$ cat data-v3.cif   # mmCIF, C-alpha atoms and all ligand atoms
data_final
loop_
_atom_site.label_atom_id
_atom_site.label_comp_id
_atom_site.auth_asym_id
_atom_site.auth_seq_id
_atom_site.Cartn_x
_atom_site.Cartn_y
_atom_site.Cartn_z
CA ALA A 1 20.88 -18.20 11.47
CA THR A 2 17.14 -18.34 11.90
CA LYS A 3 15.13 -15.55 10.31
CA LYS A 4 13.42 -12.91 12.41
CA ARG A 5 9.69 -13.34 12.82
CA VAL A 6 7.40 -10.67 11.37
CA PHE A 7 3.72 -10.36 12.25
CA SER A 8 1.10 -7.91 11.03
CA GLY A 9 -2.59 -7.74 10.13
CA ILE A 10 -5.42 -5.64 8.72
CA GLN A 11 -9.10 -5.57 9.64
CA PRO A 12 -11.54 -6.88 7.03
CA THR A 13 -13.87 -3.92 7.33
CA ASN A 14 -14.37 -1.82 4.19
CA ASN A 15 -12.18 -1.92 1.11
CA ILE A 16 -8.58 -1.36 2.02
CA HIS A 17 -7.00 1.85 0.85
CA LEU A 18 -3.78 3.42 -0.29
CA GLY A 19 -2.73 4.11 3.33
CA ASN A 20 -3.00 0.43 4.20
CA TYR A 21 -0.97 -0.39 1.09
CA LEU A 22 1.81 2.19 1.48
CA GLY A 23 1.94 2.04 5.29
CA ALA A 24 1.71 -1.73 5.64
CA ILE A 25 1.25 -4.32 2.85
CA ARG A 26 3.83 -2.93 0.46
CA ASN A 27 6.47 -3.12 3.17
CA TRP A 28 5.47 -6.68 4.03
CA VAL A 29 5.93 -7.65 0.39
CA GLU A 30 9.28 -5.87 -0.03
CA THR A 31 11.05 -7.72 2.79
CA GLN A 32 9.15 -11.02 2.81
CA ASP A 33 12.13 -13.14 1.73
CA GLN A 34 14.31 -11.81 4.59
CA TYR A 35 11.91 -12.81 7.35
CA ASP A 36 9.73 -15.58 8.71
CA ASN A 37 6.35 -13.95 8.07
CA VAL A 38 2.94 -14.34 9.66
CA PHE A 39 0.19 -12.18 8.12
CA CYS A 40 -3.29 -12.26 9.53
CA ILE A 41 -6.71 -11.03 8.48
CA VAL A 42 -7.90 -9.79 11.85
CA ASP A 43 -11.62 -10.53 11.75
CA LEU A 44 -11.94 -10.58 15.55
CA HIS A 45 -10.90 -6.93 15.48
CA ALA A 46 -13.54 -6.18 12.87
CA ILE A 47 -16.37 -7.12 15.27
CA THR A 48 -15.41 -4.44 17.80
CA LEU A 49 -17.79 -2.17 15.86
CA PRO A 50 -21.12 -3.33 14.38
CA ILE A 51 -20.67 -5.15 11.04
CA ASP A 52 -23.07 -7.08 8.78
CA PRO A 53 -22.31 -10.87 8.79
CA LYS A 54 -22.25 -11.13 4.99
CA ASP A 55 -19.95 -8.13 4.70
CA LEU A 56 -17.61 -9.58 7.30
CA HIS A 57 -17.45 -12.94 5.52
CA ASN A 58 -16.93 -11.41 2.06
CA ASN A 59 -14.49 -8.73 3.22
CA THR A 60 -12.35 -11.42 4.85
CA ARG A 61 -11.98 -13.28 1.53
CA LYS A 62 -11.47 -10.04 -0.40
CA LEU A 63 -8.72 -8.95 1.95
CA ALA A 64 -7.00 -12.34 1.67
CA ALA A 65 -7.12 -12.05 -2.13
CA LEU A 66 -5.69 -8.53 -1.91
CA TYR A 67 -2.81 -9.63 0.33
CA LEU A 68 -1.81 -12.15 -2.33
CA ALA A 69 -2.57 -9.81 -5.25
CA CYS A 70 -0.24 -7.20 -3.71
CA GLY A 71 2.55 -9.77 -3.86
CA LEU A 72 2.59 -11.78 -0.64
CA ASP A 73 3.90 -15.18 -1.62
CA ALA A 74 2.56 -18.22 0.23
CA ALA A 75 6.08 -19.70 -0.06
CA HIS A 76 7.46 -16.97 2.25
CA CYS A 77 4.36 -16.09 4.28
CA LYS A 78 1.77 -17.75 6.41
CA VAL A 79 -1.51 -16.02 5.56
CA PHE A 80 -4.56 -16.88 7.65
CA VAL A 81 -7.75 -15.65 9.29
CA GLN A 82 -7.50 -14.73 12.98
CA SER A 83 -10.71 -16.47 14.09
CA HIS A 84 -9.51 -19.75 12.54
CA VAL A 85 -6.86 -19.94 15.28
CA HIS A 86 -8.75 -19.88 18.58
CA GLN A 87 -5.56 -19.18 20.58
CA HIS A 88 -5.94 -15.48 19.65
CA ALA A 89 -9.14 -15.21 21.68
CA GLU A 90 -7.71 -17.34 24.47
CA LEU A 91 -4.51 -15.32 24.94
CA SER A 92 -6.48 -12.10 24.64
CA TRP A 93 -8.61 -12.99 27.68
CA ILE A 94 -5.59 -13.94 29.71
CA LEU A 95 -3.74 -10.74 28.79
CA ASN A 96 -6.80 -8.64 29.65
CA CYS A 97 -6.33 -9.81 33.21
CA PHE A 98 -2.77 -8.45 33.20
CA THR A 99 -3.54 -5.09 31.60
CA PRO A 100 -4.05 -2.11 33.90
CA MET A 101 -7.18 -0.10 33.00
CA GLY A 102 -5.03 3.03 33.13
CA TRP A 103 -2.98 1.82 30.16
CA LEU A 104 -6.10 1.33 28.04
CA ASN A 105 -7.49 4.70 29.14
CA ARG A 106 -4.51 6.32 27.43
CA MET A 107 -5.09 4.74 24.00
CA THR A 108 -5.90 7.51 21.55
CA GLN A 109 -7.45 5.26 18.87
CA PHE A 110 -10.19 4.18 21.27
CA LYS A 111 -11.06 7.79 21.96
CA THR A 112 -11.20 8.56 18.23
CA LYS A 113 -13.33 5.51 17.40
CA ALA A 114 -15.68 5.68 20.39
CA GLY A 115 -16.22 9.43 20.17
CA ASP A 116 -18.79 10.55 22.75
CA ASP A 117 -20.54 7.19 22.77
CA MET A 118 -19.16 5.79 26.05
CA GLU A 119 -22.51 4.28 27.03
CA THR A 120 -23.15 1.84 24.16
CA VAL A 121 -19.75 1.33 22.51
CA SER A 122 -18.52 -2.26 23.06
CA ALA A 123 -16.04 -3.36 25.72
CA GLY A 124 -14.32 -5.14 22.82
CA LEU A 125 -13.40 -1.81 21.24
CA TYR A 126 -11.85 -0.76 24.54
CA CYS A 127 -9.88 -4.03 24.83
CA TYR A 128 -8.83 -4.02 21.15
CA PRO A 129 -5.18 -3.16 21.96
CA VAL A 130 -4.95 -6.24 24.20
CA LEU A 131 -6.25 -8.49 21.42
CA MET A 132 -3.65 -6.92 19.14
CA ALA A 133 -0.93 -7.50 21.73
CA GLY A 134 -1.96 -11.15 21.93
CA ASP A 135 -1.87 -11.45 18.11
CA ILE A 136 1.73 -10.27 18.10
CA LEU A 137 2.94 -12.13 21.19
CA LEU A 138 1.44 -15.50 20.21
CA TYR A 139 4.08 -15.84 17.47
CA GLN A 140 7.10 -14.63 19.47
CA THR A 141 7.28 -11.77 16.98
CA ASP A 142 10.44 -9.69 16.51
CA LEU A 143 9.12 -7.05 14.10
CA VAL A 144 5.69 -5.51 13.52
CA PRO A 145 5.54 -3.60 10.21
CA VAL A 146 2.67 -1.10 10.56
CA GLY A 147 1.71 2.48 9.77
CA ASP A 148 2.40 5.30 12.17
CA ASP A 149 -1.10 5.16 13.74
CA GLN A 150 -0.24 1.80 15.32
CA ARG A 151 2.86 3.04 17.16
CA GLN A 152 1.04 3.40 20.49
CA HIS A 153 -0.49 -0.08 20.25
CA VAL A 154 2.90 -1.72 19.61
CA GLU A 155 4.31 0.22 22.56
CA LEU A 156 1.53 -1.18 24.77
CA THR A 157 2.32 -4.68 23.47
CA ARG A 158 5.96 -4.26 24.53
CA ASP A 159 4.96 -2.97 27.97
CA LEU A 160 2.57 -5.85 28.47
CA ALA A 161 5.13 -8.46 27.41
CA GLN A 162 7.77 -6.97 29.71
CA ARG A 163 5.31 -6.80 32.58
CA PHE A 164 4.31 -10.44 32.14
CA ASN A 165 7.89 -11.69 31.77
CA SER A 166 9.07 -9.87 34.87
CA LEU A 167 6.03 -10.87 36.93
CA TYR A 168 6.85 -14.56 36.36
CA ASN A 169 10.58 -14.01 36.02
CA LYS A 170 10.64 -15.96 32.72
CA PRO A 171 11.06 -14.89 29.07
CA VAL A 172 7.63 -16.20 28.09
CA PHE A 173 7.22 -13.51 25.39
CA THR A 174 9.67 -12.09 22.86
CA ILE A 175 9.63 -8.28 23.11
CA PRO A 176 8.57 -7.05 19.64
CA LYS A 177 9.59 -3.85 17.86
CA ALA A 178 7.45 -1.68 15.58
CA ASP A 179 8.84 -1.39 12.05
CA ILE A 180 7.52 1.92 10.71
CA ARG A 181 9.11 3.01 7.41
CA ALA A 182 9.56 6.69 6.60
CA ALA A 183 7.74 6.66 3.25
CA GLY A 184 3.98 6.13 3.37
CA ALA A 185 3.68 5.63 7.13
CA ARG A 186 1.00 8.28 7.39
CA VAL A 187 -1.13 8.85 4.30
CA MET A 188 -3.69 11.59 4.92
CA SER A 189 -7.32 11.99 3.84
CA LEU A 190 -7.77 13.50 0.36
CA GLU A 191 -10.62 15.61 1.67
CA ASP A 192 -9.19 16.79 4.98
CA PRO A 193 -5.38 16.38 4.90
CA THR A 194 -5.13 16.97 8.64
CA LYS A 195 -6.84 13.57 9.26
CA LYS A 196 -5.35 10.20 8.36
CA MET A 197 -6.76 8.30 5.39
CA SER A 198 -9.11 5.73 6.95
CA LYS A 199 -11.41 2.91 5.84
CA SER A 200 -14.08 4.13 8.22
CA ASP A 201 -14.23 7.61 6.66
CA PRO A 202 -17.87 8.27 5.70
CA ASN A 203 -16.75 10.15 2.58
CA PRO A 204 -15.47 7.67 -0.07
CA ASN A 205 -13.73 10.51 -1.92
CA ALA A 206 -11.41 10.88 1.05
CA TYR A 207 -9.52 7.67 0.17
CA ILE A 208 -8.35 5.65 -2.83
CA THR A 209 -9.20 1.96 -2.48
CA LEU A 210 -6.96 -0.66 -4.04
CA LEU A 211 -9.86 -1.64 -6.30
CA ASP A 212 -10.69 1.84 -7.64
CA ASP A 213 -10.73 1.94 -11.45
CA PRO A 214 -8.70 4.55 -13.38
CA LYS A 215 -11.72 6.84 -13.82
CA THR A 216 -12.45 6.86 -10.10
CA ILE A 217 -8.79 7.48 -9.23
CA LYS A 218 -8.68 10.41 -11.66
CA LYS A 219 -11.84 11.86 -10.15
CA LYS A 220 -10.71 11.48 -6.55
CA ILE A 221 -7.22 12.92 -7.18
CA GLY A 222 -8.76 15.69 -9.26
CA ARG A 223 -10.96 16.84 -6.41
CA ALA A 224 -8.38 16.24 -3.64
CA THR A 225 -8.03 19.28 -1.41
CA THR A 226 -5.06 21.53 -2.16
CA ASP A 227 -4.68 25.32 -1.75
CA SER A 228 -4.56 28.48 -3.79
CA GLU A 229 -0.77 28.82 -4.01
CA ARG A 230 -0.27 26.39 -6.90
CA LEU A 231 3.36 25.60 -6.07
CA VAL A 232 4.23 21.90 -6.36
CA THR A 233 6.49 21.81 -3.28
CA PHE A 234 6.60 19.95 0.04
CA ASP A 235 5.41 22.44 2.65
CA PRO A 236 3.91 21.51 6.05
CA ALA A 237 1.85 24.71 5.94
CA ARG A 238 0.08 23.27 2.83
CA PRO A 239 -0.88 19.77 3.99
CA GLY A 240 -3.03 18.92 0.92
CA ILE A 241 -0.35 19.20 -1.76
CA THR A 242 2.25 17.82 0.66
CA ASN A 243 0.14 14.69 1.20
CA LEU A 244 -0.23 14.16 -2.56
CA LEU A 245 3.51 14.69 -3.02
CA THR A 246 4.23 12.23 -0.22
CA ILE A 247 2.08 9.63 -1.97
CA TYR A 248 3.90 10.36 -5.24
CA GLN A 249 7.23 9.98 -3.48
CA ALA A 250 6.22 6.67 -1.90
CA LEU A 251 5.16 5.37 -5.34
CA THR A 252 8.22 6.58 -7.28
CA GLY A 253 10.97 6.33 -4.69
CA GLN A 254 12.32 9.71 -5.87
CA SER A 255 13.65 12.31 -3.43
CA ASN A 256 11.71 15.47 -2.50
CA GLN A 257 14.22 17.55 -4.48
CA GLU A 258 13.91 15.43 -7.62
CA ILE A 259 10.13 15.61 -7.53
CA GLU A 260 10.07 19.37 -6.91
CA ALA A 261 12.55 19.87 -9.76
CA ASP A 262 10.40 17.78 -12.13
CA PHE A 263 7.36 19.93 -11.40
CA ALA A 264 9.07 23.33 -11.18
CA GLY A 265 7.03 25.81 -13.21
CA LYS A 266 4.15 23.36 -13.56
CA GLY A 267 0.78 23.57 -11.86
CA TYR A 268 -1.37 21.31 -9.69
CA GLY A 269 -3.17 19.98 -12.77
CA ASP A 270 0.04 18.60 -14.27
CA PHE A 271 1.08 17.11 -10.96
CA LYS A 272 -2.32 15.52 -10.31
CA ALA A 273 -2.26 13.96 -13.80
CA ALA A 274 1.19 12.47 -13.12
CA LEU A 275 0.09 11.17 -9.72
CA THR A 276 -3.03 9.61 -11.24
CA GLU A 277 -0.89 7.87 -13.84
CA ARG A 278 1.44 6.45 -11.16
CA LEU A 279 -1.49 5.23 -9.10
CA VAL A 280 -3.14 3.50 -12.06
CA GLU A 281 0.21 1.94 -12.99
CA THR A 282 0.63 0.59 -9.44
CA LEU A 283 -2.94 -0.60 -8.88
CA SER A 284 -3.85 -2.10 -12.28
CA PRO A 285 -1.68 -5.24 -12.00
CA ILE A 286 -2.84 -5.73 -8.39
CA GLN A 287 -6.47 -5.54 -9.54
CA GLN A 288 -5.86 -8.02 -12.33
CA ARG A 289 -4.39 -10.59 -9.94
CA TYR A 290 -7.12 -9.83 -7.41
CA HIS A 291 -9.86 -10.72 -9.88
CA GLU A 292 -8.20 -14.03 -10.72
CA LEU A 293 -7.86 -14.94 -7.04
CA ILE A 294 -11.35 -13.90 -5.97
CA ASN A 295 -12.87 -15.92 -8.80
CA ASP A 296 -11.21 -19.09 -7.54
CA MET A 297 -12.66 -19.35 -4.04
CA PRO A 298 -11.65 -23.01 -3.42
CA THR A 299 -7.96 -22.17 -3.96
CA LEU A 300 -8.21 -19.10 -1.75
CA GLU A 301 -9.94 -21.04 1.04
CA ALA A 302 -7.27 -23.75 0.78
CA ILE A 303 -4.47 -21.17 1.18
CA LEU A 304 -6.18 -19.75 4.28
CA LYS A 305 -6.71 -23.19 5.76
CA GLN A 306 -3.08 -24.10 5.16
CA GLY A 307 -1.93 -20.82 6.75
CA ALA A 308 -4.00 -21.47 9.88
CA ASP A 309 -2.77 -25.08 10.09
CA GLU A 310 0.84 -23.84 9.87
CA VAL A 311 0.60 -21.18 12.58
CA ARG A 312 -1.61 -23.05 15.06
CA PRO A 313 1.23 -25.10 16.66
CA MET A 314 3.29 -21.92 17.30
CA ALA A 315 0.27 -20.22 18.85
CA GLU A 316 -0.53 -23.25 20.98
CA HIS A 317 3.05 -23.47 22.18
CA THR A 318 2.91 -19.89 23.46
CA VAL A 319 -0.46 -20.43 25.14
CA GLN A 320 0.92 -23.51 26.93
CA GLU A 321 3.94 -21.54 28.19
CA VAL A 322 1.65 -18.74 29.39
CA LYS A 323 -0.65 -21.16 31.20
CA LYS A 324 2.29 -22.92 32.82
CA ALA A 325 3.69 -19.61 34.09
CA ILE A 326 0.34 -18.56 35.55
CA GLY A 327 -0.57 -21.95 37.03
CA LEU A 328 -3.59 -22.56 34.78
P1 LIG B 1 -7.87 1.44 9.16
O1 LIG B 1 -7.24 2.32 10.20
O2 LIG B 1 -7.94 2.10 7.81
O3 LIG B 1 -9.17 0.82 9.59
P2 LIG B 1 -6.36 -0.85 10.01
O4 LIG B 1 -6.58 -0.35 11.40
O5 LIG B 1 -6.91 -2.19 9.65
O6 LIG B 1 -6.89 0.22 8.96
O7 LIG B 1 -4.82 -0.78 9.72
C1 LIG B 1 -4.13 -1.69 8.88
C2 LIG B 1 -2.71 -1.24 8.65
O8 LIG B 1 -2.70 -0.09 7.78
C3 LIG B 1 -1.96 -0.81 9.91
O9 LIG B 1 -0.60 -1.20 9.79
C4 LIG B 1 -2.07 0.68 9.89
O10 LIG B 1 -1.03 1.32 10.59
C5 LIG B 1 -1.97 0.97 8.40
N1 LIG B 1 -2.65 2.23 8.06
C6 LIG B 1 -3.96 2.52 8.24
N2 LIG B 1 -4.23 3.76 7.80
C7 LIG B 1 -3.05 4.27 7.33
C8 LIG B 1 -2.68 5.52 6.73
N3 LIG B 1 -3.56 6.48 6.53
N4 LIG B 1 -1.39 5.69 6.36
C9 LIG B 1 -0.47 4.71 6.54
N5 LIG B 1 -0.76 3.51 7.10
C10 LIG B 1 -2.02 3.29 7.49
NA NA B 2 -5.82 1.75 12.07
#
$ encode --input "data-v3.cif" --output "structure tokens" --more "lines below"
Ligand code: ADP
Ligand code: NA
Amino acid sequence: ATKKRVFSGIQPTNNIHLGNYLGAIRNWVETQDQYDNVFCIVDLHAITLPIDPKDLHNNTRKLAALYLACGLDAAHCKVFVQSHVHQHAELSWILNCFTPMGWLNRMTQFKTKAGDDMETVSAGLYCYPVLMAGDILLYQTDLVPVGDDQRQHVELTRDLAQRFNSLYNKPVFTIPKADIRAAGARVMSLEDPTKKMSKSDPNPNAYITLLDDPKTIKKKIGRATTDSERLVTFDPARPGITNLLTIYQALTGQSNQEIEADFAGKGYGDFKAALTERLVETLSPIQQRYHELINDMPTLEAILKQGADEVRPMAEHTVQEVKKAIGL
């Protein structure tokens, strides 16, 4: 039997954080040998908001190194940079012409990212979900492992694929499914646990990056918002401690009950120390591999070139089928 195709990606904006790791990359790594995997560094998405050219270039390489450092194996995965495969931009334009404005008007991420700035924010930010749909559909993807915040975008991708297929009465696109795991799908900000942890947060203490050193992790966890009750229990009414416990659970794989039992009678200080230790234990080996990879740029560039060369024929095949259906 042929393996199911998996596709996912992350934007090379700032340093990636614990939410990106627990909600996305870690899951990619865990199941990579069961699937036919395509993992992209989505640099075309990163230009939907202003970004410095040097930062964009460097962040793209850093993110590629982090994918591999987290455990993606080039033997099981095709890892590449979105802009190296021009079919992403090409399919995106075509799909724009099949996307009702009303569908995009309902996308909550656009509203969050654009804020009140409807006058100068780019049309690219508005069309971002269509680019993402194209990314997924180009590879006839079955499964899209993402965090919970991407649920609406995958839903739009499915709607768009179904609309296109039924318009031309042909199965041009595979209808993908979101793969959102229970643990780690929604890691919250350490500062304001009612908001999701995000790369674009202006306060760097609100997130743990994968490259934070032990001292920084200790500091950030130490000052993470909790409450005055000092009970180490999962409780939706106390989102700060619950978020930290959820992170701890995602790292240890223990059940809520086991964790609560371990910390019964202990305070937030003890728990935060244990969480810090788990985080350092998880991130240290990743950081070690990251530094090896980032210091060997020719090898990294070669892996990215090979990834793009491997996926390009699949992408081109889909674009040809799309053009044929439309009459282009
Ligand atoms: P960001 O939103 O931080 O800019 P991206 O949009 O590039 O990150 O998202 C990359 C992946 O990380 C997606 O699969 C997304 O769902 C996941 N992700 C982002 N933030 C979180 C979070 N706080 N918790 C869990 N997963 C997240
Ligand atoms: Na996101």
$ residues_around --input "data-v3.cif" --residues "Gly115 of chain A" --least-positions-apart "6" --cutoff "12 Å" --atoms "all atoms listed in the file" --output "NGL selection string"
:A and (108-109 or 121 or 125-126)
$ closest_residue --input "data-v3.cif" --among "A:Leu328, A:Ile241, A:Leu300, A:Val319" --to "Arg61 of chain A" --atoms "only C-alpha atoms"
A:Leu300
$ closest_residue --input "data-v3.cif" --among "A:Gln257, A:Thr276, A:Gln162, A:Gln11" --to "ligand NA 2 (chain B)" --atoms "all atoms listed in the file"
A:Gln11
$ axis_aligned_box --input "data-v3.cif" --around "ligand LIG 1 (chain B)" --padding-each-side "8 Å" --output "AutoDock Vina command-line options"
--center_x -4.8 --center_y 2.1 --center_z 8.9 --size_x 24.7 --size_y 24.7 --size_z 21.0
$ closest_residue --input "data-v3.cif" --among "A:Ser83, A:Leu63, A:Glu277, A:Leu137" --to "Leu293 of chain A" --atoms "all atoms listed in the file"
A:Leu63
$ residues_near_ligand --input "data-v3.cif" --ligand "ligand LIG 1 (chain B)" --cutoff "7 Å" --atoms "all atoms listed in the file" --output "PDB file with C-alpha atoms, keeping the file's coordinate frame"
ATOM      1  CA  GLY A   9      -2.590  -7.740  10.130  1.00  0.00           C
ATOM      2  CA  ILE A  10      -5.420  -5.640   8.720  1.00  0.00           C
ATOM      3  CA  GLN A  11      -9.100  -5.570   9.640  1.00  0.00           C
ATOM      4  CA  ILE A  16      -8.580  -1.360   2.020  1.00  0.00           C
ATOM      5  CA  GLY A  19      -2.730   4.110   3.330  1.00  0.00           C
ATOM      6  CA  ASN A  20      -3.000   0.430   4.200  1.00  0.00           C
ATOM      7  CA  TYR A  21      -0.970  -0.390   1.090  1.00  0.00           C
ATOM      8  CA  LEU A  22       1.810   2.190   1.480  1.00  0.00           C
ATOM      9  CA  GLY A  23       1.940   2.040   5.290  1.00  0.00           C
ATOM     10  CA  ALA A  24       1.710  -1.730   5.640  1.00  0.00           C
ATOM     11  CA  PRO A 145       5.540  -3.600  10.210  1.00  0.00           C
ATOM     12  CA  VAL A 146       2.670  -1.100  10.560  1.00  0.00           C
ATOM     13  CA  GLY A 147       1.710   2.480   9.770  1.00  0.00           C
ATOM     14  CA  ASP A 148       2.400   5.300  12.170  1.00  0.00           C
ATOM     15  CA  ASP A 149      -1.100   5.160  13.740  1.00  0.00           C
ATOM     16  CA  GLN A 150      -0.240   1.800  15.320  1.00  0.00           C
ATOM     17  CA  GLY A 184       3.980   6.130   3.370  1.00  0.00           C
ATOM     18  CA  ALA A 185       3.680   5.630   7.130  1.00  0.00           C
ATOM     19  CA  ARG A 186       1.000   8.280   7.390  1.00  0.00           C
ATOM     20  CA  VAL A 187      -1.130   8.850   4.300  1.00  0.00           C
ATOM     21  CA  MET A 188      -3.690  11.590   4.920  1.00  0.00           C
ATOM     22  CA  LYS A 196      -5.350  10.200   8.360  1.00  0.00           C
ATOM     23  CA  MET A 197      -6.760   8.300   5.390  1.00  0.00           C
ATOM     24  CA  SER A 198      -9.110   5.730   6.950  1.00  0.00           C
ATOM     25  CA  LYS A 199     -11.410   2.910   5.840  1.00  0.00           C
ATOM     26  CA  SER A 200     -14.080   4.130   8.220  1.00  0.00           C
TER      27      SER A 200
END
$ atom_distance --input "data-v3.cif" --atom1 "atom CA of Asp73 of chain A" --atom2 "atom CA of Thr141 of chain A"
19.2 Å
$ closest_residue --input "data-v3.cif" --among "A:Gln32, A:Thr299, A:Asn58, A:Ser8" --to "ligand NA 2 (chain B)" --atoms "only C-alpha atoms and all ligand atoms"
A:Ser8
$ atom_distance --input "data-v3.cif" --atom1 "atom CA of Gly253 of chain A" --atom2 "atom CA of Gly240 of chain A"
19.6 Å
$ build_atoms --input "data-v3.cif" --residues "segment 123-146 of chain A" --atoms "N, CA and C atoms" --output "mmCIF file, keeping the file's coordinate frame"
data_model
loop_
_atom_site.group_PDB
_atom_site.id
_atom_site.type_symbol
_atom_site.label_atom_id
_atom_site.label_comp_id
_atom_site.auth_asym_id
_atom_site.auth_seq_id
_atom_site.Cartn_x
_atom_site.Cartn_y
_atom_site.Cartn_z
ATOM 1 N N ALA A 123 -17.250 -3.159 24.912
ATOM 2 C CA ALA A 123 -16.040 -3.360 25.720
ATOM 3 C C ALA A 123 -14.928 -3.897 24.825
ATOM 4 N N GLY A 124 -15.311 -4.605 23.759
ATOM 5 C CA GLY A 124 -14.320 -5.140 22.820
ATOM 6 C C GLY A 124 -13.499 -4.037 22.175
ATOM 7 N N LEU A 125 -14.140 -2.915 21.845
ATOM 8 C CA LEU A 125 -13.400 -1.810 21.240
ATOM 9 C C LEU A 125 -12.360 -1.263 22.229
ATOM 10 N N TYR A 126 -12.750 -1.241 23.494
ATOM 11 C CA TYR A 126 -11.850 -0.760 24.540
ATOM 12 C C TYR A 126 -10.650 -1.707 24.699
ATOM 13 N N CYS A 127 -10.930 -3.013 24.615
ATOM 14 C CA CYS A 127 -9.880 -4.030 24.830
ATOM 15 C C CYS A 127 -9.109 -4.381 23.557
ATOM 16 N N TYR A 128 -9.467 -3.773 22.445
ATOM 17 C CA TYR A 128 -8.830 -4.020 21.150
ATOM 18 C C TYR A 128 -7.298 -4.059 21.228
ATOM 19 N N PRO A 129 -6.650 -3.115 21.925
ATOM 20 C CA PRO A 129 -5.180 -3.160 21.960
ATOM 21 C C PRO A 129 -4.630 -4.423 22.626
ATOM 22 N N VAL A 130 -5.414 -5.019 23.522
ATOM 23 C CA VAL A 130 -4.950 -6.240 24.200
ATOM 24 C C VAL A 130 -5.059 -7.425 23.240
ATOM 25 N N LEU A 131 -6.133 -7.457 22.447
ATOM 26 C CA LEU A 131 -6.250 -8.490 21.420
ATOM 27 C C LEU A 131 -5.075 -8.378 20.454
ATOM 28 N N MET A 132 -4.770 -7.148 20.063
ATOM 29 C CA MET A 132 -3.650 -6.920 19.140
ATOM 30 C C MET A 132 -2.324 -7.355 19.771
ATOM 31 N N ALA A 133 -2.159 -7.068 21.044
ATOM 32 C CA ALA A 133 -0.930 -7.500 21.730
ATOM 33 C C ALA A 133 -0.831 -9.019 21.698
ATOM 34 N N GLY A 134 -1.950 -9.688 21.964
ATOM 35 C CA GLY A 134 -1.960 -11.150 21.930
ATOM 36 C C GLY A 134 -1.608 -11.679 20.537
ATOM 37 N N ASP A 135 -2.159 -11.038 19.499
ATOM 38 C CA ASP A 135 -1.870 -11.450 18.110
ATOM 39 C C ASP A 135 -0.363 -11.488 17.882
ATOM 40 N N ILE A 136 0.293 -10.431 18.329
ATOM 41 C CA ILE A 136 1.730 -10.270 18.100
ATOM 42 C C ILE A 136 2.528 -11.247 18.961
ATOM 43 N N LEU A 137 2.150 -11.343 20.239
ATOM 44 C CA LEU A 137 2.940 -12.130 21.190
ATOM 45 C C LEU A 137 2.800 -13.631 20.989
ATOM 46 N N LEU A 138 1.663 -14.066 20.454
ATOM 47 C CA LEU A 138 1.440 -15.500 20.210
ATOM 48 C C LEU A 138 2.552 -16.102 19.364
ATOM 49 N N TYR A 139 3.106 -15.307 18.440
ATOM 50 C CA TYR A 139 4.080 -15.840 17.470
ATOM 51 C C TYR A 139 5.510 -15.467 17.823
ATOM 52 N N GLN A 140 5.742 -14.997 19.055
ATOM 53 C CA GLN A 140 7.100 -14.630 19.470
ATOM 54 C C GLN A 140 7.720 -13.705 18.417
ATOM 55 N N THR A 141 6.938 -12.676 18.070
ATOM 56 C CA THR A 141 7.280 -11.770 16.980
ATOM 57 C C THR A 141 8.451 -10.848 17.321
ATOM 58 N N ASP A 142 9.349 -10.665 16.355
ATOM 59 C CA ASP A 142 10.440 -9.690 16.510
ATOM 60 C C ASP A 142 10.032 -8.326 15.964
ATOM 61 N N LEU A 143 9.402 -8.311 14.784
ATOM 62 C CA LEU A 143 9.120 -7.050 14.100
ATOM 63 C C LEU A 143 7.656 -6.950 13.691
ATOM 64 N N VAL A 144 7.086 -5.748 13.879
ATOM 65 C CA VAL A 144 5.690 -5.510 13.520
ATOM 66 C C VAL A 144 5.627 -4.360 12.513
ATOM 67 N N PRO A 145 5.599 -4.670 11.205
ATOM 68 C CA PRO A 145 5.540 -3.600 10.210
ATOM 69 C C PRO A 145 4.127 -3.023 10.116
ATOM 70 N N VAL A 146 3.979 -1.769 10.521
ATOM 71 C CA VAL A 146 2.670 -1.100 10.560
ATOM 72 C C VAL A 146 2.828 0.365 10.172
#
